[in-house]
file data_5.cif (mmCIF, C-alpha atoms)
data_start
loop_
_atom_site.label_atom_id
_atom_site.label_comp_id
_atom_site.auth_asym_id
_atom_site.auth_seq_id
_atom_site.Cartn_x
_atom_site.Cartn_y
_atom_site.Cartn_z
CA MET M 1 -12.45 45.93 -30.87
CA GLU M 2 -14.73 46.00 -27.84
CA PRO M 3 -13.43 43.60 -25.16
CA LYS M 4 -15.58 40.56 -24.46
CA VAL M 5 -15.91 38.90 -21.07
CA TYR M 6 -16.93 35.28 -20.54
CA ILE M 7 -19.60 34.67 -17.91
CA ASN M 8 -21.11 31.21 -17.48
CA GLY M 9 -20.75 30.09 -21.08
CA LYS M 10 -21.60 33.38 -22.81
CA LEU M 11 -19.53 36.31 -24.05
CA TYR M 12 -20.57 39.83 -23.09
CA ALA M 13 -19.35 43.27 -24.06
CA LYS M 14 -17.35 44.84 -21.24
CA GLU M 15 -20.14 47.22 -20.20
CA ASP M 16 -22.66 44.35 -20.13
CA ALA M 17 -20.47 41.97 -18.10
CA LYS M 18 -22.34 42.15 -14.77
CA VAL M 19 -22.91 40.05 -11.68
CA SER M 20 -25.76 40.04 -9.19
CA VAL M 21 -25.46 42.06 -5.98
CA PHE M 22 -26.47 38.83 -4.24
CA ASP M 23 -23.42 36.95 -5.54
CA HIS M 24 -21.48 35.69 -2.53
CA GLY M 25 -18.25 36.61 -4.26
CA LEU M 26 -19.31 40.25 -3.94
CA LEU M 27 -21.00 39.93 -0.56
CA TYR M 28 -18.37 37.87 1.24
CA GLY M 29 -15.34 37.43 -1.01
CA ASP M 30 -16.39 33.80 -1.37
CA GLY M 31 -14.59 32.48 -4.42
CA VAL M 32 -11.23 31.71 -6.00
CA PHE M 33 -9.21 33.08 -8.90
CA GLU M 34 -6.11 32.68 -11.03
CA GLY M 35 -3.97 35.11 -13.01
CA ILE M 36 -2.36 33.54 -16.09
CA ARG M 37 -0.18 34.82 -18.93
CA CYS M 38 -0.51 34.10 -22.63
CA TYR M 39 2.58 34.56 -24.79
CA ASN M 40 2.22 34.64 -28.57
CA GLY M 41 -0.98 32.62 -28.47
CA THR M 42 0.21 29.99 -25.98
CA VAL M 43 -1.05 29.99 -22.40
CA PHE M 44 1.96 29.76 -20.09
CA LYS M 45 1.91 26.95 -17.53
CA PHE M 46 -1.76 26.40 -18.35
CA SER M 47 -2.18 23.08 -16.57
CA GLU M 48 -0.38 24.27 -13.45
CA HIS M 49 -2.67 27.28 -13.12
CA ILE M 50 -5.81 25.25 -13.79
CA ASP M 51 -4.72 22.62 -11.26
CA ARG M 52 -4.17 25.32 -8.63
CA LEU M 53 -7.59 26.83 -9.34
CA TYR M 54 -9.28 23.48 -8.83
CA ASP M 55 -7.22 22.81 -5.70
CA SER M 56 -8.27 26.20 -4.29
CA ALA M 57 -11.91 25.50 -5.15
CA GLU M 58 -11.79 22.07 -3.53
CA ALA M 59 -10.26 23.54 -0.38
CA ILE M 60 -13.31 25.79 0.10
CA ALA M 61 -15.88 23.15 -1.04
CA LEU M 62 -16.65 25.01 -4.27
CA GLU M 63 -17.72 23.02 -7.32
CA ILE M 64 -16.56 24.71 -10.52
CA GLY M 65 -19.04 22.84 -12.68
CA LEU M 66 -16.72 22.22 -15.64
CA THR M 67 -13.99 19.70 -16.28
CA LYS M 68 -10.46 21.05 -16.52
CA ASP M 69 -10.45 20.49 -20.28
CA GLU M 70 -13.78 22.30 -20.65
CA LEU M 71 -12.42 25.25 -18.69
CA LYS M 72 -9.27 25.34 -20.81
CA SER M 73 -11.42 25.42 -23.95
CA ALA M 74 -13.44 28.30 -22.52
CA VAL M 75 -10.24 30.25 -21.87
CA LEU M 76 -8.96 29.66 -25.41
CA ASP M 77 -12.33 30.63 -26.89
CA THR M 78 -12.29 33.88 -24.91
CA LEU M 79 -8.77 34.69 -26.09
CA LYS M 80 -9.83 34.02 -29.68
CA ALA M 81 -12.95 36.18 -29.34
CA ASN M 82 -10.75 39.05 -28.14
CA ASN M 83 -8.08 38.41 -30.80
CA LEU M 84 -5.38 38.36 -28.13
CA ARG M 85 -2.06 36.55 -28.44
CA ASP M 86 -0.13 38.31 -25.67
CA SER M 87 -2.35 38.87 -22.70
CA TYR M 88 -3.17 38.48 -19.04
CA ILE M 89 -6.02 36.11 -18.18
CA ARG M 90 -8.07 36.42 -15.01
CA LEU M 91 -10.14 33.36 -14.09
CA VAL M 92 -12.70 33.95 -11.35
CA VAL M 93 -15.05 31.40 -9.80
CA THR M 94 -17.54 32.82 -7.29
CA ARG M 95 -19.87 30.91 -5.03
CA GLY M 96 -22.74 32.37 -7.04
CA VAL M 97 -26.04 34.03 -6.24
CA GLY M 98 -27.46 33.23 -2.81
CA LYS M 99 -29.33 34.59 0.15
CA LEU M 100 -28.02 37.10 2.64
CA GLY M 101 -26.07 35.20 5.27
CA LEU M 102 -22.84 33.24 5.23
CA ASP M 103 -24.23 29.80 4.35
CA PRO M 104 -22.54 28.97 1.01
CA PHE M 105 -24.92 26.11 0.33
CA ASN M 106 -27.79 28.55 -0.14
CA CYS M 107 -26.15 29.63 -3.40
CA GLU M 108 -27.72 28.26 -6.56
CA LYS M 109 -24.59 27.52 -8.59
CA PRO M 110 -21.05 28.87 -8.99
CA GLN M 111 -20.31 31.62 -11.45
CA LEU M 112 -17.36 31.39 -13.84
CA ILE M 113 -15.85 34.58 -15.23
CA ILE M 114 -12.97 34.83 -17.71
CA ILE M 115 -11.37 38.20 -18.41
CA THR M 116 -8.60 38.60 -20.98
CA ASP M 117 -6.68 41.84 -21.30
CA THR M 118 -3.21 43.32 -21.57
CA ILE M 119 -1.23 44.13 -18.42
CA GLN M 120 1.86 46.09 -17.45
CA LEU M 121 2.39 46.02 -13.71
CA TYR M 122 5.65 47.96 -13.74
CA SER M 123 7.27 50.34 -16.23
CA LYS M 124 10.26 49.43 -18.37
CA GLU M 125 12.31 51.91 -16.33
CA LEU M 126 11.58 50.04 -13.09
CA TYR M 127 12.72 46.74 -14.62
CA GLU M 128 15.99 48.44 -15.54
CA LYS M 129 16.68 50.14 -12.21
CA GLY M 130 14.73 48.03 -9.67
CA LEU M 131 11.92 48.72 -7.23
CA ASP M 132 11.84 50.72 -4.03
CA VAL M 133 9.97 48.58 -1.49
CA ILE M 134 9.13 48.75 2.21
CA ILE M 135 8.42 46.27 4.98
CA VAL M 136 4.81 46.95 5.91
CA HIS M 137 3.17 46.78 9.33
CA THR M 138 0.24 44.67 8.08
CA ILE M 139 0.94 41.09 9.14
CA ARG M 140 0.35 38.25 6.68
CA ASN M 141 -2.74 36.21 7.52
CA HIS M 142 -2.03 33.35 9.93
CA PRO M 143 -1.78 30.24 7.72
CA GLU M 144 -3.91 28.25 10.16
CA ALA M 145 -6.67 30.86 9.95
CA LEU M 146 -6.70 31.26 6.17
CA ASN M 147 -4.71 28.75 4.14
CA PRO M 148 -2.31 30.80 1.95
CA THR M 149 -2.23 28.06 -0.70
CA VAL M 150 -5.87 28.91 -1.47
CA LYS M 151 -5.91 31.77 -3.98
CA SER M 152 -9.17 33.23 -2.74
CA MET M 153 -11.06 36.39 -3.67
CA ASN M 154 -10.62 37.68 -0.13
CA TYR M 155 -7.57 39.91 -0.68
CA LEU M 156 -8.17 42.50 2.02
CA ASN M 157 -5.00 41.47 3.88
CA ASN M 158 -2.95 42.26 0.78
CA ILE M 159 -4.93 45.42 0.01
CA LEU M 160 -4.28 46.89 3.46
CA ALA M 161 -0.57 46.25 2.92
CA LYS M 162 -0.79 47.85 -0.54
CA ILE M 163 -2.37 50.96 0.96
CA GLU M 164 0.68 51.26 3.22
CA CYS M 165 2.93 51.07 0.14
CA ILE M 166 1.01 53.73 -1.74
CA LYS M 167 1.02 56.11 1.23
CA ALA M 168 4.77 55.59 1.63
CA GLY M 169 5.44 56.08 -2.08
CA ALA M 170 6.80 52.54 -2.44
CA ALA M 171 6.19 50.23 -5.38
CA GLU M 172 5.68 47.11 -3.26
CA GLY M 173 5.44 45.99 0.34
CA ILE M 174 7.04 43.02 2.06
CA MET M 175 4.76 41.31 4.56
CA LEU M 176 6.00 39.51 7.65
CA ASN M 177 4.20 36.62 9.31
CA LYS M 178 3.04 36.42 12.93
CA ASP M 179 6.52 35.26 14.01
CA GLY M 180 8.27 38.19 12.36
CA PHE M 181 9.71 36.21 9.46
CA VAL M 182 9.43 37.31 5.83
CA ALA M 183 6.39 35.87 4.05
CA GLU M 184 5.73 37.53 0.69
CA CYS M 185 4.87 40.84 -0.93
CA THR M 186 1.37 42.19 -1.52
CA GLY M 187 1.26 40.49 -4.92
CA ASP M 188 4.57 38.74 -5.46
CA ASN M 189 6.89 36.13 -3.98
CA ILE M 190 10.30 37.31 -2.79
CA PHE M 191 13.84 36.00 -3.23
CA ILE M 192 17.23 37.19 -2.03
CA VAL M 193 20.74 36.27 -3.08
CA LYS M 194 23.60 35.97 -0.59
CA ASP M 195 27.06 34.67 -1.48
CA ASN M 196 25.72 33.29 -4.80
CA VAL M 197 23.01 31.25 -3.05
CA ILE M 198 19.32 32.03 -3.58
CA PHE M 199 17.01 32.08 -0.57
CA THR M 200 13.21 32.30 -0.49
CA PRO M 201 10.65 31.84 2.31
CA PRO M 202 9.23 28.32 2.70
CA VAL M 203 5.54 27.47 2.43
CA SER M 204 5.41 27.30 6.24
CA ALA M 205 6.09 31.06 6.34
CA GLY M 206 2.53 31.57 5.10
CA ILE M 207 3.06 32.16 1.39
CA LEU M 208 1.14 31.45 -1.76
CA ILE M 209 3.01 28.85 -3.79
CA GLY M 210 3.55 30.96 -6.90
CA ILE M 211 3.68 29.35 -10.33
CA THR M 212 6.37 31.83 -11.40
CA ARG M 213 8.19 31.18 -8.12
CA ASN M 214 8.36 27.49 -8.97
CA VAL M 215 9.58 28.21 -12.51
CA VAL M 216 12.35 30.45 -11.20
CA ILE M 217 13.49 27.81 -8.71
CA GLU M 218 13.64 25.26 -11.54
CA LEU M 219 15.58 27.63 -13.80
CA ALA M 220 18.08 28.40 -11.04
CA GLU M 221 18.65 24.75 -10.20
CA GLU M 222 19.08 23.89 -13.90
CA ALA M 223 21.78 26.60 -14.02
CA GLY M 224 23.57 25.03 -11.05
CA ILE M 225 22.58 27.77 -8.60
CA THR M 226 21.74 26.55 -5.10
CA VAL M 227 18.24 27.48 -3.93
CA ARG M 228 17.25 27.20 -0.28
CA GLU M 229 13.79 27.63 1.18
CA GLU M 230 14.48 29.08 4.62
CA GLN M 231 12.96 31.45 7.14
CA LEU M 232 14.21 34.96 6.39
CA THR M 233 14.45 37.96 8.71
CA GLN M 234 14.45 41.69 8.04
CA ASP M 235 18.22 41.68 8.54
CA ASP M 236 18.57 39.00 5.86
CA LEU M 237 16.82 41.37 3.47
CA TYR M 238 18.91 44.38 4.47
CA ASN M 239 22.17 42.44 4.05
CA ALA M 240 21.30 40.68 0.77
CA ASP M 241 23.56 40.90 -2.26
CA GLU M 242 20.49 40.88 -4.50
CA CYS M 243 16.72 40.84 -4.06
CA PHE M 244 14.02 40.19 -6.62
CA LEU M 245 10.29 39.53 -6.81
CA THR M 246 8.36 37.05 -8.95
CA GLY M 247 4.76 36.82 -10.06
CA THR M 248 2.58 36.09 -13.08
CA ALA M 249 2.09 39.77 -13.88
CA ALA M 250 5.49 41.01 -12.67
CA GLU M 251 7.47 38.02 -14.02
CA ILE M 252 10.90 38.79 -12.45
CA ILE M 253 11.81 42.25 -11.21
CA SER M 254 14.75 43.44 -9.12
CA VAL M 255 14.52 45.32 -5.82
CA ALA M 256 16.84 48.32 -5.51
CA ASN M 257 15.97 49.61 -2.04
CA ILE M 258 14.28 48.15 1.06
CA ASP M 259 13.07 50.67 3.65
CA GLY M 260 15.35 53.24 2.02
CA ARG M 261 18.38 50.97 2.33
CA LYS M 262 20.18 50.20 -0.90
CA VAL M 263 20.41 46.52 -1.81
CA SER M 264 24.13 46.05 -2.55
CA THR M 265 24.86 48.38 -5.50
CA GLY M 266 21.21 49.31 -5.88
CA LYS M 267 21.13 47.86 -9.38
CA PRO M 268 19.84 44.49 -10.66
CA GLY M 269 22.42 41.84 -9.81
CA LYS M 270 24.00 39.25 -12.06
CA ILE M 271 21.92 36.31 -10.80
CA THR M 272 18.69 38.30 -11.06
CA LEU M 273 19.54 39.36 -14.60
CA SER M 274 20.56 35.84 -15.62
CA LEU M 275 17.29 34.40 -14.31
CA LEU M 276 15.28 37.12 -16.04
CA LYS M 277 17.02 36.28 -19.31
CA LYS M 278 16.34 32.56 -18.85
CA TYR M 279 12.71 33.28 -17.99
CA GLN M 280 12.27 35.41 -21.11
CA GLU M 281 13.91 32.72 -23.23
CA LEU M 282 11.55 30.15 -21.72
CA THR M 283 8.42 32.16 -22.48
CA MET M 284 9.62 32.82 -26.05
CA ALA M 285 10.39 29.16 -26.62
CA TYR M 286 7.14 28.15 -24.94
CA SER M 287 5.10 30.39 -27.23
CA SER M 288 6.73 28.95 -30.33
CA VAL M 289 5.56 25.42 -29.54
#

call {"tool": "encode", "arguments": {"input": "data_5.cif", "output": "structure tokens"}}
result
Amino acid sequence: MEPKVYINGKLYAKEDAKVSVFDHGLLYGDGVFEGIRCYNGTVFKFSEHIDRLYDSAEAIALEIGLTKDELKSAVLDTLKANNLRDSYIRLVVTRGVGKLGLDPFNCEKPQLIIITDTIQLYSKELYEKGLDVIIVHTIRNHPEALNPTVKSMNYLNNILAKIECIKAGAAEGIMLNKDGFVAECTGDNIFIVKDNVIFTPPVSAGILIGITRNVVIELAEEAGITVREEQLTQDDLYNADECFLTGTAAEIISVANIDGRKVSTGKPGKITLSLLKKYQELTMAYSSV
């Protein structure tokens, strides 16, 4: 079946899903987005993702033009039109069509786009053996220059870091902040395990507050595992007993090597594997509701 894309209340065939060259999302990266997963017909953490989208939009003075319930209905209608029960959903809200120049208030109205498709960020083999990652030279945006809690369309900072990864033959790249502390990866949050305690960078390190990150913290605490949000250094990464990444697309995936240095045994650790199992159980139970 030909994929259908939602744009401003209408469904279009993939090849007909087009935006104006005068859209400020294209011209200036002026907009926000969310990536969401659907498991067996149920949208995972739907409200949390929608809330974050609206928070991001509010932070950049962007009116979405629909209520949260109306937007949820549009997402479900798009999933139904594409006959998808297990999928990745990309919600995009651009500033809309406007004049050349930065003034966002010259734009007529925001543009809402909903894309539903399948996704596989990493192969099954990589989930079994772990990722090879590097610490990149590209510094994470200063949080006082561009608020990392806003999931904006301006992803050039992450893309430059991703280019470093690709050139180095690495699957992912760890970004440091201006102070040299660990922030996040190009598309995922990062965790390490040391002496059976889980550590992850705090919001003040300049990270996006990941929905999956929050779920993993909750699962760990429910299992009686201590989780600490602390500033992490490169040495903390090199000396970790385990390291794993989290994200909507990636879910939970282990890191085997950092800058060519093996993380402990180089295989997914017991805490990483236990959290992955709990996460999979949660998504299965969630989809059966």

call {"tool": "residues_around", "arguments": {"input": "data_5.cif", "residues": "Gly269 in chain M", "least_positions_apart": "4", "cutoff": "9 Å", "atoms": "all atoms listed in the file", "output": "list in words"}}
result
Val193, Asp241, Glu242, Cys243, Ser254, Ser264, Thr265, Leu273 and Ser274 of chain M

call {"tool": "atom_distance", "arguments": {"input": "data_5.cif", "atom1": "CA of Glu70 in chain M", "atom2": "CA of Gly96 in chain M"}}
result
19.2 Å

call {"tool": "resolve_selection", "arguments": {"input": "data_5.cif", "expression": "the PyMOL selection byres ((chain M and resi 219) around 12)", "output": "number ranges by chain"}}
result
M: 198, 212-218, 220-227, 271-272, 274-282

call {"tool": "atom_distance", "arguments": {"input": "data_5.cif", "atom1": "CA of Lys99 in chain M", "atom2": "CA of Val19 in chain M"}}
result
14.5 Å

call {"tool": "closest_residue", "arguments": {"input": "data_5.cif", "among": "M:Ala74, M:Lys124, M:Phe199, M:Cys165", "to": "Thr186 in chain M", "atoms": "only C-alpha atoms"}}
result
M:Cys165

call {"tool": "atom_distance", "arguments": {"input": "data_5.cif", "atom1": "CA of Ile252 in chain M", "atom2": "CA of Tyr39 in chain M"}}
result
15.5 Å

call {"tool": "resolve_selection", "arguments": {"input": "data_5.cif", "expression": "the PyMOL selection byres ((chain M and resi 100) around 10)", "output": "PyMOL selection string"}}
result
chain M and resi 22-24+27-28+97-99+101-104+106-107

call {"tool": "write_last_selection", "arguments": {"input": "data_5.cif", "atoms": "C-alpha atoms", "output": "compact mmCIF listing (two decimals), keeping the file's coordinate frame"}}
result
# COMPACT_ATOMS: atom_id res chain seq x y z
CA PHE M 22 -26.47 38.83 -4.24
CA ASP M 23 -23.42 36.95 -5.54
CA HIS M 24 -21.48 35.69 -2.53
CA LEU M 27 -21.00 39.93 -0.56
CA TYR M 28 -18.37 37.87 1.24
CA VAL M 97 -26.04 34.03 -6.24
CA GLY M 98 -27.46 33.23 -2.81
CA LYS M 99 -29.33 34.59 0.15
CA GLY M 101 -26.07 35.20 5.27
CA LEU M 102 -22.84 33.24 5.23
CA ASP M 103 -24.23 29.80 4.35
CA PRO M 104 -22.54 28.97 1.01
CA ASN M 106 -27.79 28.55 -0.14
CA CYS M 107 -26.15 29.63 -3.40

call {"tool": "resolve_selection", "arguments": {"input": "data_5.cif", "expression": "the PyMOL selection byres ((chain M and resi 171) around 6)", "output": "PDB file with C-alpha atoms, keeping the file's coordinate frame"}}
result
ATOM      1  CA  ASP M 132      11.840  50.720  -4.030  1.00  0.00           C
ATOM      2  CA  VAL M 133       9.970  48.580  -1.490  1.00  0.00           C
ATOM      3  CA  ALA M 170       6.800  52.540  -2.440  1.00  0.00           C
ATOM      4  CA  GLU M 172       5.680  47.110  -3.260  1.00  0.00           C
TER       5      GLU M 172
END

call {"tool": "closest_residue", "arguments": {"input": "data_5.cif", "among": "M:Val93, M:Ala81, M:Val255, M:Ile115", "to": "Met153 in chain M", "atoms": "all atoms listed in the file"}}
result
M:Val93

call {"tool": "closest_residue", "arguments": {"input": "data_5.cif", "among": "M:Lys151, M:Lys129, M:Lys68, M:Lys167", "to": "Ile253 in chain M", "atoms": "all atoms listed in the file"}}
result
M:Lys129

call {"tool": "closest_residue", "arguments": {"input": "data_5.cif", "among": "M:Glu58, M:Asp69, M:Asp259, M:Asp16", "to": "Ala168 in chain M", "atoms": "all atoms listed in the file"}}
result
M:Asp259

call {"tool": "closest_residue", "arguments": {"input": "data_5.cif", "among": "M:Ala183, M:Ile209, M:Leu146, M:Ala161", "to": "Gly247 in chain M", "atoms": "all atoms listed in the file"}}
result
M:Ile209

call {"tool": "closest_residue", "arguments": {"input": "data_5.cif", "among": "M:Thr233, M:Thr94, M:Asn40, M:Thr246", "to": "Leu53 in chain M", "atoms": "only C-alpha atoms"}}
result
M:Thr94

call {"tool": "axis_aligned_box", "arguments": {"input": "data_5.cif", "around": "range 134-141 of chain M", "padding_each_side": "5 Å", "output": "AutoDock Vina command-line options"}}
result
--center_x 3.2 --center_y 42.5 --center_z 5.8 --size_x 21.9 --size_y 22.5 --size_z 17.1

call {"tool": "residues_near_point", "arguments": {"input": "data_5.cif", "point": "(17.4, 46.9, -5.9)", "cutoff": "6 Å", "atoms": "all atoms listed in the file", "output": "PyMOL selection string"}}
result
chain M and resi 130-131+254-257+263+266-268
